[in-house]
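See structure below.
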Amino acid sequence: MSESKHHITGYGTYVLVWLGLLALTSLTVTVAGIDLGNFTLFVALTIAAIKSALVINIFMHIKFDEPIFKFFLLVSGATLFVIFALTFVDYSFR
Amino acid sequence: MTHNNQATVHAPVHRDDVGSKMGMWLFLFTELLLFGGMFLIYAVYRFQFPDQFKVAAMELNVTVGALNTVILLTSSLTVALAIGAIQKKNKFLSIIFLAVTIVFALAFMINKFFEWSAKIEHGIYPGSEYLLGKSNGEILFYGLYYVMTGLHGLHVIIGVVILSVILVMIMKGSINHENYIKLENSGLYWHLVDLIWIFLFPLFYLLQ
């Protein structure tokens, strides 16, 4: 592997992502105080998913790494999704 | 022949950074499935006892949870900055950022200690008389709360140990701007700890 193509992320990018993460944290705490009924869980998980995407892409460098790592992530994510989906199908039709 | 000779003269130590990173990611996926199984149990029981889960969650302190979220997010930033610093050949800054990360990790655990102590003082712990007098949903909520935040806390402690070893290696120079894959991989582990908390926080603390 050539070392020269190693992507170096600047400090500024990291700090911006961190600020974004803090903003999303305060958003999720604020939204939790509002009664959204059945949407509460959905909103909380959506915000958590956006935060994870930021951490995985920038902090964990997935965005700049070899495509194989994206593929790894996709496979594990899909596995987890299938496990959840099958369990809930089983649970709701009991 | 000449080619062979040249190879022995320059003979760099064989290193496969992409390979080690791949190994680290594979390990992280086993971690993901470990916690994934627990999130699955949480999900099923939450759908079974939605109201009792809400009642149980009222006892948790949102401020403490939010503070710990900020602490972990910031420690994720500093470990990323530590990698950035070593890439830019700034060993001193890298050491500082990594040390700050470890301090934040310890702060998280101190916070957790006081949080758990307060709960246990109020008689809320698995198998306590007070808790057994409650509904099934509340008992399950606190069982999951202790197991999941406990396992997460264990990961934080392991993270502190790993990051401390890495810190010493940077100080001694065995991790440097040419060879920092160990720092990168420990950083990945630390970000995973952060990722899990990103989901634990709303699922346990923010149920209204």
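Chain lettering (A, B, ...) mirrors the order of the structure tokens, residue numbering begins at 1 for each chain separately, and ligand numbering begins at 1 in order of display.
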
Mind checking which residues fall within 12 Å of A:Ile50, counting only C-alpha atoms, ignoring those fewer than 2 positions away in the same chain, and posting them as a list in words?
Val17, Gly20, Leu21, Ala23, Leu24, Thr25, Leu27, Thr28, Val43, Ala44, Leu45, Thr46, Ile47, Ala48, Ser52, Ala53, Leu54, Val55, Ile56 and Asn57 of chain A; Leu195, Ile198 and Phe199 of chain B

Next, dump the selected residues to file, keeping only N, CA, C and O atoms, as a PDB file, in the first residue's frame.
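Output file again.pdb is given in full below:
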```pdb
ATOM      1  N   VAL A  17     -17.304  18.399  13.286  1.00  0.00           N
ATOM      2  CA  VAL A  17     -18.118  17.202  13.509  1.00  0.00           C
ATOM      3  C   VAL A  17     -18.513  17.099  14.977  1.00  0.00           C
ATOM      4  O   VAL A  17     -19.663  16.793  15.312  1.00  0.00           O
ATOM      5  N   GLY A  20     -21.243  19.428  15.692  1.00  0.00           N
ATOM      6  CA  GLY A  20     -22.476  18.855  15.163  1.00  0.00           C
ATOM      7  C   GLY A  20     -23.040  17.804  16.101  1.00  0.00           C
ATOM      8  O   GLY A  20     -24.252  17.762  16.364  1.00  0.00           O
ATOM      9  N   LEU A  21     -22.164  16.961  16.641  1.00  0.00           N
ATOM     10  CA  LEU A  21     -22.597  15.905  17.556  1.00  0.00           C
ATOM     11  C   LEU A  21     -23.206  16.501  18.823  1.00  0.00           C
ATOM     12  O   LEU A  21     -24.226  16.020  19.331  1.00  0.00           O
ATOM     13  N   ALA A  23     -24.617  19.459  19.072  1.00  0.00           N
ATOM     14  CA  ALA A  23     -25.894  20.071  18.702  1.00  0.00           C
ATOM     15  C   ALA A  23     -26.980  18.996  18.627  1.00  0.00           C
ATOM     16  O   ALA A  23     -28.092  19.180  19.139  1.00  0.00           O
ATOM     17  N   LEU A  24     -26.650  17.840  18.024  1.00  0.00           N
ATOM     18  CA  LEU A  24     -27.632  16.764  17.898  1.00  0.00           C
ATOM     19  C   LEU A  24     -27.993  16.200  19.276  1.00  0.00           C
ATOM     20  O   LEU A  24     -29.137  15.802  19.508  1.00  0.00           O
ATOM     21  N   THR A  25     -27.019  16.185  20.207  1.00  0.00           N
ATOM     22  CA  THR A  25     -27.309  15.704  21.560  1.00  0.00           C
ATOM     23  C   THR A  25     -28.312  16.622  22.249  1.00  0.00           C
ATOM     24  O   THR A  25     -29.296  16.155  22.832  1.00  0.00           O
ATOM     25  N   LEU A  27     -30.383  18.533  20.795  1.00  0.00           N
ATOM     26  CA  LEU A  27     -31.649  18.386  20.072  1.00  0.00           C
ATOM     27  C   LEU A  27     -32.431  17.171  20.585  1.00  0.00           C
ATOM     28  O   LEU A  27     -33.625  17.261  20.880  1.00  0.00           O
ATOM     29  N   THR A  28     -31.723  16.049  20.751  1.00  0.00           N
ATOM     30  CA  THR A  28     -32.430  14.832  21.166  1.00  0.00           C
ATOM     31  C   THR A  28     -32.960  14.961  22.592  1.00  0.00           C
ATOM     32  O   THR A  28     -34.044  14.463  22.921  1.00  0.00           O
ATOM     33  N   VAL A  43     -37.956   9.337  16.386  1.00  0.00           N
ATOM     34  CA  VAL A  43     -37.131  10.556  16.324  1.00  0.00           C
ATOM     35  C   VAL A  43     -35.811  10.334  17.048  1.00  0.00           C
ATOM     36  O   VAL A  43     -34.736  10.657  16.525  1.00  0.00           O
ATOM     37  N   ALA A  44     -35.877   9.731  18.253  1.00  0.00           N
ATOM     38  CA  ALA A  44     -34.651   9.499  19.038  1.00  0.00           C
ATOM     39  C   ALA A  44     -33.678   8.611  18.268  1.00  0.00           C
ATOM     40  O   ALA A  44     -32.473   8.880  18.221  1.00  0.00           O
ATOM     41  N   LEU A  45     -34.206   7.549  17.632  1.00  0.00           N
ATOM     42  CA  LEU A  45     -33.322   6.633  16.905  1.00  0.00           C
ATOM     43  C   LEU A  45     -32.766   7.268  15.633  1.00  0.00           C
ATOM     44  O   LEU A  45     -31.633   6.999  15.245  1.00  0.00           O
ATOM     45  N   THR A  46     -33.587   8.134  14.983  1.00  0.00           N
ATOM     46  CA  THR A  46     -33.095   8.814  13.782  1.00  0.00           C
ATOM     47  C   THR A  46     -31.917   9.723  14.129  1.00  0.00           C
ATOM     48  O   THR A  46     -30.891   9.726  13.442  1.00  0.00           O
ATOM     49  N   ILE A  47     -32.068  10.481  15.222  1.00  0.00           N
ATOM     50  CA  ILE A  47     -30.976  11.374  15.634  1.00  0.00           C
ATOM     51  C   ILE A  47     -29.737  10.547  15.995  1.00  0.00           C
ATOM     52  O   ILE A  47     -28.619  10.883  15.589  1.00  0.00           O
ATOM     53  N   ALA A  48     -29.947   9.435  16.724  1.00  0.00           N
ATOM     54  CA  ALA A  48     -28.812   8.567  17.086  1.00  0.00           C
ATOM     55  C   ALA A  48     -28.129   8.024  15.832  1.00  0.00           C
ATOM     56  O   ALA A  48     -26.897   7.925  15.775  1.00  0.00           O
ATOM     57  N   SER A  52     -24.304   8.504  14.679  1.00  0.00           N
ATOM     58  CA  SER A  52     -23.418   7.361  14.365  1.00  0.00           C
ATOM     59  C   SER A  52     -22.772   7.545  13.004  1.00  0.00           C
ATOM     60  O   SER A  52     -21.592   7.255  12.830  1.00  0.00           O
ATOM     61  N   ALA A  53     -23.571   8.021  12.031  1.00  0.00           N
ATOM     62  CA  ALA A  53     -23.034   8.193  10.679  1.00  0.00           C
ATOM     63  C   ALA A  53     -21.866   9.173  10.699  1.00  0.00           C
ATOM     64  O   ALA A  53     -20.843   8.965  10.038  1.00  0.00           O
ATOM     65  N   LEU A  54     -22.010  10.250  11.492  1.00  0.00           N
ATOM     66  CA  LEU A  54     -20.923  11.234  11.600  1.00  0.00           C
ATOM     67  C   LEU A  54     -19.679  10.602  12.209  1.00  0.00           C
ATOM     68  O   LEU A  54     -18.572  10.756  11.697  1.00  0.00           O
ATOM     69  N   VAL A  55     -19.879   9.859  13.312  1.00  0.00           N
ATOM     70  CA  VAL A  55     -18.736   9.239  13.989  1.00  0.00           C
ATOM     71  C   VAL A  55     -18.054   8.224  13.069  1.00  0.00           C
ATOM     72  O   VAL A  55     -16.828   8.235  12.908  1.00  0.00           O
ATOM     73  N   ILE A  56     -18.858   7.367  12.423  1.00  0.00           N
ATOM     74  CA  ILE A  56     -18.286   6.312  11.578  1.00  0.00           C
ATOM     75  C   ILE A  56     -17.561   6.915  10.369  1.00  0.00           C
ATOM     76  O   ILE A  56     -16.438   6.528  10.060  1.00  0.00           O
ATOM     77  N   ASN A  57     -18.191   7.895   9.712  1.00  0.00           N
ATOM     78  CA  ASN A  57     -17.595   8.443   8.488  1.00  0.00           C
ATOM     79  C   ASN A  57     -16.348   9.277   8.737  1.00  0.00           C
ATOM     80  O   ASN A  57     -15.349   9.121   8.043  1.00  0.00           O
TER      81      ASN A  57
ATOM     82  N   LEU B 195     -20.010   5.064  20.106  1.00  0.00           N
ATOM     83  CA  LEU B 195     -21.180   4.729  19.281  1.00  0.00           C
ATOM     84  C   LEU B 195     -22.251   4.009  20.091  1.00  0.00           C
ATOM     85  O   LEU B 195     -23.439   4.300  19.977  1.00  0.00           O
ATOM     86  N   ILE B 198     -24.092   6.334  22.234  1.00  0.00           N
ATOM     87  CA  ILE B 198     -25.004   7.187  21.468  1.00  0.00           C
ATOM     88  C   ILE B 198     -26.400   6.549  21.416  1.00  0.00           C
ATOM     89  O   ILE B 198     -27.411   7.241  21.418  1.00  0.00           O
ATOM     90  N   PHE B 199     -26.441   5.202  21.400  1.00  0.00           N
ATOM     91  CA  PHE B 199     -27.749   4.530  21.390  1.00  0.00           C
ATOM     92  C   PHE B 199     -28.262   4.258  22.805  1.00  0.00           C
ATOM     93  O   PHE B 199     -29.467   4.324  23.060  1.00  0.00           O
TER      94      PHE B 199
END
```

Would you give me, as JSON lines, each residue of chain B having an atom within 8 Å of an atom of chain A, along with its shortest atom pair and that distance in Å to one decimal, using only C-alpha atoms and sorting by chain and residue number?
```
{"residue": "B:Val18", "atom": "CA", "partner": "A:Met1", "partner_atom": "CA", "distance": 7.9}
{"residue": "B:Met22", "atom": "CA", "partner": "A:Phe69", "partner_atom": "CA", "distance": 7.3}
{"residue": "B:Trp25", "atom": "CA", "partner": "A:Phe69", "partner_atom": "CA", "distance": 7.7}
{"residue": "B:Leu26", "atom": "CA", "partner": "A:Phe72", "partner_atom": "CA", "distance": 7.9}
{"residue": "B:Phe29", "atom": "CA", "partner": "A:Ser76", "partner_atom": "CA", "distance": 6.4}
{"residue": "B:Leu33", "atom": "CA", "partner": "A:Leu80", "partner_atom": "CA", "distance": 7.0}
{"residue": "B:Gly36", "atom": "CA", "partner": "A:Leu80", "partner_atom": "CA", "distance": 6.8}
{"residue": "B:Leu40", "atom": "CA", "partner": "A:Phe84", "partner_atom": "CA", "distance": 6.5}
{"residue": "B:Val44", "atom": "CA", "partner": "A:Phe88", "partner_atom": "CA", "distance": 7.6}
{"residue": "B:Ala66", "atom": "CA", "partner": "A:Thr25", "partner_atom": "CA", "distance": 7.7}
{"residue": "B:Thr69", "atom": "CA", "partner": "A:Thr25", "partner_atom": "CA", "distance": 7.7}
{"residue": "B:Val70", "atom": "CA", "partner": "A:Leu22", "partner_atom": "CA", "distance": 6.8}
{"residue": "B:Leu73", "atom": "CA", "partner": "A:Trp18", "partner_atom": "CA", "distance": 7.0}
{"residue": "B:Thr74", "atom": "CA", "partner": "A:Trp18", "partner_atom": "CA", "distance": 7.0}
{"residue": "B:Ser76", "atom": "CA", "partner": "A:Phe59", "partner_atom": "CA", "distance": 7.5}
{"residue": "B:Leu77", "atom": "CA", "partner": "A:Trp18", "partner_atom": "CA", "distance": 6.3}
{"residue": "B:Ala80", "atom": "CA", "partner": "A:Phe59", "partner_atom": "CA", "distance": 5.9}
{"residue": "B:Leu81", "atom": "CA", "partner": "A:Tyr11", "partner_atom": "CA", "distance": 6.3}
{"residue": "B:Gly84", "atom": "CA", "partner": "A:Thr9", "partner_atom": "CA", "distance": 6.7}
{"residue": "B:Gln87", "atom": "CA", "partner": "A:Ile8", "partner_atom": "CA", "distance": 7.1}
{"residue": "B:Gly187", "atom": "CA", "partner": "A:Met60", "partner_atom": "CA", "distance": 7.7}
{"residue": "B:Leu188", "atom": "CA", "partner": "A:Met60", "partner_atom": "CA", "distance": 5.9}
{"residue": "B:His191", "atom": "CA", "partner": "A:Met60", "partner_atom": "CA", "distance": 6.8}
{"residue": "B:Leu195", "atom": "CA", "partner": "A:Ser52", "partner_atom": "CA", "distance": 6.0}
{"residue": "B:Ile198", "atom": "CA", "partner": "A:Ala48", "partner_atom": "CA", "distance": 6.0}
{"residue": "B:Phe199", "atom": "CA", "partner": "A:Ala48", "partner_atom": "CA", "distance": 6.0}
{"residue": "B:Pro202", "atom": "CA", "partner": "A:Ala44", "partner_atom": "CA", "distance": 6.2}
{"residue": "B:Leu203", "atom": "CA", "partner": "A:Ala44", "partner_atom": "CA", "distance": 8.0}
{"residue": "B:Leu206", "atom": "CA", "partner": "A:Ala32", "partner_atom": "CA", "distance": 5.8}
{"residue": "B:Leu207", "atom": "CA", "partner": "A:Ala32", "partner_atom": "CA", "distance": 7.1}
{"residue": "B:Gln208", "atom": "CA", "partner": "A:Ala32", "partner_atom": "CA", "distance": 6.7}
```

Export N, CA and C atoms of the chosen residues as an mmCIF file, in the first residue's frame?
```cif
data_model
loop_
_atom_site.group_PDB
_atom_site.id
_atom_site.type_symbol
_atom_site.label_atom_id
_atom_site.label_comp_id
_atom_site.auth_asym_id
_atom_site.auth_seq_id
_atom_site.Cartn_x
_atom_site.Cartn_y
_atom_site.Cartn_z
ATOM 1 N N VAL B 18 -3.218 -2.121 6.332
ATOM 2 C CA VAL B 18 -4.610 -2.370 5.928
ATOM 3 C C VAL B 18 -5.087 -3.679 6.569
ATOM 4 N N MET B 22 -8.156 -4.169 9.101
ATOM 5 C CA MET B 22 -9.227 -5.105 8.757
ATOM 6 C C MET B 22 -9.526 -6.017 9.944
ATOM 7 N N TRP B 25 -11.502 -4.083 12.488
ATOM 8 C CA TRP B 25 -12.916 -3.928 12.118
ATOM 9 C C TRP B 25 -13.679 -5.227 12.334
ATOM 10 N N LEU B 26 -13.048 -6.356 12.004
ATOM 11 C CA LEU B 26 -13.728 -7.641 12.224
ATOM 12 C C LEU B 26 -14.034 -7.817 13.704
ATOM 13 N N PHE B 29 -16.965 -5.794 14.722
ATOM 14 C CA PHE B 29 -18.263 -6.365 14.329
ATOM 15 C C PHE B 29 -18.727 -7.425 15.311
ATOM 16 N N LEU B 33 -22.280 -7.252 17.352
ATOM 17 C CA LEU B 33 -23.273 -8.322 17.493
ATOM 18 C C LEU B 33 -23.524 -8.637 18.964
ATOM 19 N N GLY B 36 -25.605 -5.866 19.962
ATOM 20 C CA GLY B 36 -26.814 -5.978 19.146
ATOM 21 C C GLY B 36 -27.813 -6.943 19.769
ATOM 22 N N LEU B 40 -31.548 -6.086 21.061
ATOM 23 C CA LEU B 40 -32.697 -6.861 20.594
ATOM 24 C C LEU B 40 -33.609 -7.240 21.764
ATOM 25 N N VAL B 44 -37.561 -5.988 22.248
ATOM 26 C CA VAL B 44 -38.729 -6.862 22.406
ATOM 27 C C VAL B 44 -39.460 -6.553 23.707
ATOM 28 N N ALA B 66 -26.826 13.035 30.014
ATOM 29 C CA ALA B 66 -26.424 13.982 28.974
ATOM 30 C C ALA B 66 -24.974 14.412 29.180
ATOM 31 N N THR B 69 -22.779 11.804 27.947
ATOM 32 C CA THR B 69 -22.771 11.801 26.481
ATOM 33 C C THR B 69 -21.773 12.828 25.970
ATOM 34 N N VAL B 70 -21.826 14.035 26.549
ATOM 35 C CA VAL B 70 -20.905 15.099 26.131
ATOM 36 C C VAL B 70 -19.457 14.672 26.402
ATOM 37 N N LEU B 73 -18.431 12.038 23.771
ATOM 38 C CA LEU B 73 -18.290 12.630 22.435
ATOM 39 C C LEU B 73 -16.998 13.433 22.355
ATOM 40 N N THR B 74 -16.696 14.173 23.437
ATOM 41 C CA THR B 74 -15.481 14.980 23.441
ATOM 42 C C THR B 74 -14.236 14.098 23.450
ATOM 43 N N SER B 76 -14.027 11.229 22.108
ATOM 44 C CA SER B 76 -13.911 10.712 20.742
ATOM 45 C C SER B 76 -13.196 11.736 19.860
ATOM 46 N N LEU B 77 -13.537 13.016 20.089
ATOM 47 C CA LEU B 77 -12.869 14.084 19.330
ATOM 48 C C LEU B 77 -11.375 14.084 19.633
ATOM 49 N N ALA B 80 -9.422 11.327 18.024
ATOM 50 C CA ALA B 80 -9.268 11.587 16.581
ATOM 51 C C ALA B 80 -8.194 12.645 16.344
ATOM 52 N N LEU B 81 -8.166 13.671 17.220
ATOM 53 C CA LEU B 81 -7.161 14.724 17.105
ATOM 54 C C LEU B 81 -5.760 14.182 17.385
ATOM 55 N N GLY B 84 -4.623 12.723 14.247
ATOM 56 C CA GLY B 84 -4.294 13.816 13.335
ATOM 57 C C GLY B 84 -2.942 14.433 13.670
ATOM 58 N N GLN B 87 -0.031 12.195 12.656
ATOM 59 C CA GLN B 87 0.124 12.208 11.199
ATOM 60 C C GLN B 87 0.886 13.461 10.761
ATOM 61 N N GLY B 187 -8.033 3.887 18.561
ATOM 62 C CA GLY B 187 -9.000 4.944 18.321
ATOM 63 C C GLY B 187 -10.315 4.372 17.824
ATOM 64 N N LEU B 188 -10.235 3.408 16.908
ATOM 65 C CA LEU B 188 -11.455 2.771 16.380
ATOM 66 C C LEU B 188 -12.247 2.123 17.521
ATOM 67 N N HIS B 191 -13.970 4.803 19.524
ATOM 68 C CA HIS B 191 -15.144 5.345 18.830
ATOM 69 C C HIS B 191 -16.324 4.383 18.935
ATOM 70 N N LEU B 195 -20.010 5.064 20.106
ATOM 71 C CA LEU B 195 -21.180 4.729 19.281
ATOM 72 C C LEU B 195 -22.251 4.009 20.091
ATOM 73 N N ILE B 198 -24.092 6.334 22.234
ATOM 74 C CA ILE B 198 -25.004 7.187 21.468
ATOM 75 C C ILE B 198 -26.400 6.549 21.416
ATOM 76 N N PHE B 199 -26.441 5.202 21.400
ATOM 77 C CA PHE B 199 -27.749 4.530 21.390
ATOM 78 C C PHE B 199 -28.262 4.258 22.805
ATOM 79 N N PRO B 202 -30.313 7.659 24.545
ATOM 80 C CA PRO B 202 -31.744 7.908 24.330
ATOM 81 C C PRO B 202 -32.631 6.737 24.744
ATOM 82 N N LEU B 203 -32.131 5.509 24.604
ATOM 83 C CA LEU B 203 -32.999 4.358 24.887
ATOM 84 C C LEU B 203 -33.275 4.182 26.383
ATOM 85 N N LEU B 206 -33.976 8.831 27.875
ATOM 86 C CA LEU B 206 -34.884 9.802 27.270
ATOM 87 C C LEU B 206 -36.282 9.257 26.981
ATOM 88 N N LEU B 207 -36.741 8.315 27.807
ATOM 89 C CA LEU B 207 -38.112 7.818 27.637
ATOM 90 C C LEU B 207 -39.038 8.689 28.464
ATOM 91 N N GLN B 208 -39.976 9.333 27.812
ATOM 92 C CA GLN B 208 -40.879 10.175 28.622
ATOM 93 C C GLN B 208 -42.286 9.598 28.613
#
```

Length of the atom CA of B:Ile157 to atom CA of B:Ala105 vector [Å]
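Taking atom CA of B:Ile157 as the start and atom CA of B:Ala105 as the end point, the length is 7.9 Å.
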
Closest of B:Asn185, B:Leu200, B:Tyr180, B:Ile170 to B:Lys91 - atom-to-atom distances counting only C-alpha atoms
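Of B:Asn185, B:Leu200, B:Tyr180, B:Ile170, the one nearest B:Lys91 is B:Ile170, counting only C-alpha atoms.
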
With only C-alpha atoms as the counted atoms, please give the residues lying no more than 12 Å from B:Tyr42, apart from itself and same-chain residues fewer than 6 positions off, as a list of chain:residue names.
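The neighbour list is A:Phe84, B:Phe35, B:Gly36, B:Gln48, B:Phe49, B:Pro50, B:Phe53, B:Gly137, B:Leu140, B:Phe141, B:Tyr142, B:Gly143, B:Leu144, B:Tyr145, B:Val147, B:Met148, B:Phe199, B:Leu200, B:Leu203, B:Phe204.
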
DSSP on the backbone: what in chain B comes out alpha helix (DSSP H), as JSON, numbers by chain?
{"B": [2, 3, 4, 5, 6, 7, 8, 9, 10, 17, 18, 19, 20, 21, 22, 23, 24, 25, 26, 27, 28, 29, 30, 31, 32, 33, 34, 35, 36, 37, 38, 39, 40, 41, 42, 43, 44, 45, 46, 47, 48, 50, 51, 52, 53, 54, 55, 56, 57, 62, 63, 64, 65, 66, 67, 68, 69, 70, 71, 72, 73, 74, 75, 76, 77, 78, 79, 80, 81, 82, 83, 84, 85, 86, 87, 91, 92, 93, 94, 95, 96, 97, 98, 99, 100, 101, 102, 103, 104, 105, 106, 107, 108, 109, 110, 111, 112, 113, 114, 115, 116, 117, 118, 119, 120, 121, 129, 130, 131, 132, 136, 137, 138, 139, 140, 141, 142, 143, 144, 145, 146, 147, 148, 149, 150, 151, 152, 153, 154, 155, 156, 157, 158, 159, 160, 161, 162, 163, 164, 165, 166, 167, 168, 169, 170, 171, 172, 181, 182, 183, 184, 185, 186, 187, 188, 189, 190, 191, 192, 193, 194, 195, 196, 197, 198, 199, 200, 201, 202, 203, 204, 205]}

Please provide as a PyMOL selection string all residues within 9 Å of B:Tyr125, with the sequence filter that same-chain residues fewer than 3 positions apart are discarded (counting only C-alpha atoms).
chain B and resi 116+119-122+128-131+142-143+146

May I have the selected residues written with C-alpha atoms, as a tab-separated table (two decimals), in the first residue's frame?
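The file below, selection-v2.tsv, is the result:
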```tsv
chain	number	residue	atom	x	y	z
B	116	TRP	CA	-25.01	3.66	40.21
B	119	LYS	CA	-29.55	4.00	42.43
B	120	ILE	CA	-28.32	1.27	44.76
B	121	GLU	CA	-28.84	3.54	47.78
B	122	HIS	CA	-32.46	3.99	46.70
B	128	SER	CA	-33.56	-5.86	45.58
B	129	GLU	CA	-36.74	-6.08	47.65
B	130	TYR	CA	-37.83	-2.64	46.46
B	131	LEU	CA	-37.43	-3.57	42.79
B	142	TYR	CA	-33.43	-2.13	35.43
B	143	GLY	CA	-31.99	-5.56	34.69
B	146	TYR	CA	-27.42	-2.62	34.74
```

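Between atom CA of B:Val160 and atom CA of B:Lys182 the separation is 14.5 Å.
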
Counting only C-alpha atoms, which of B:Ile139, B:Ile124, B:Ile181, B:Ile95 gets nearest to B:Tyr45?
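Among the listed residues, the smallest separation from B:Tyr45 belongs to B:Ile139.
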
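Distances here use only C-alpha atoms; by that measure, the residue among B:Met171, B:Met109, B:Lys21, B:Ile162 closest to A:Ile62 is B:Lys21.
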
Atomic separation - atom CA of B:Thr78 relative to atom CA of B:Ala99, Å:
8.9 Å
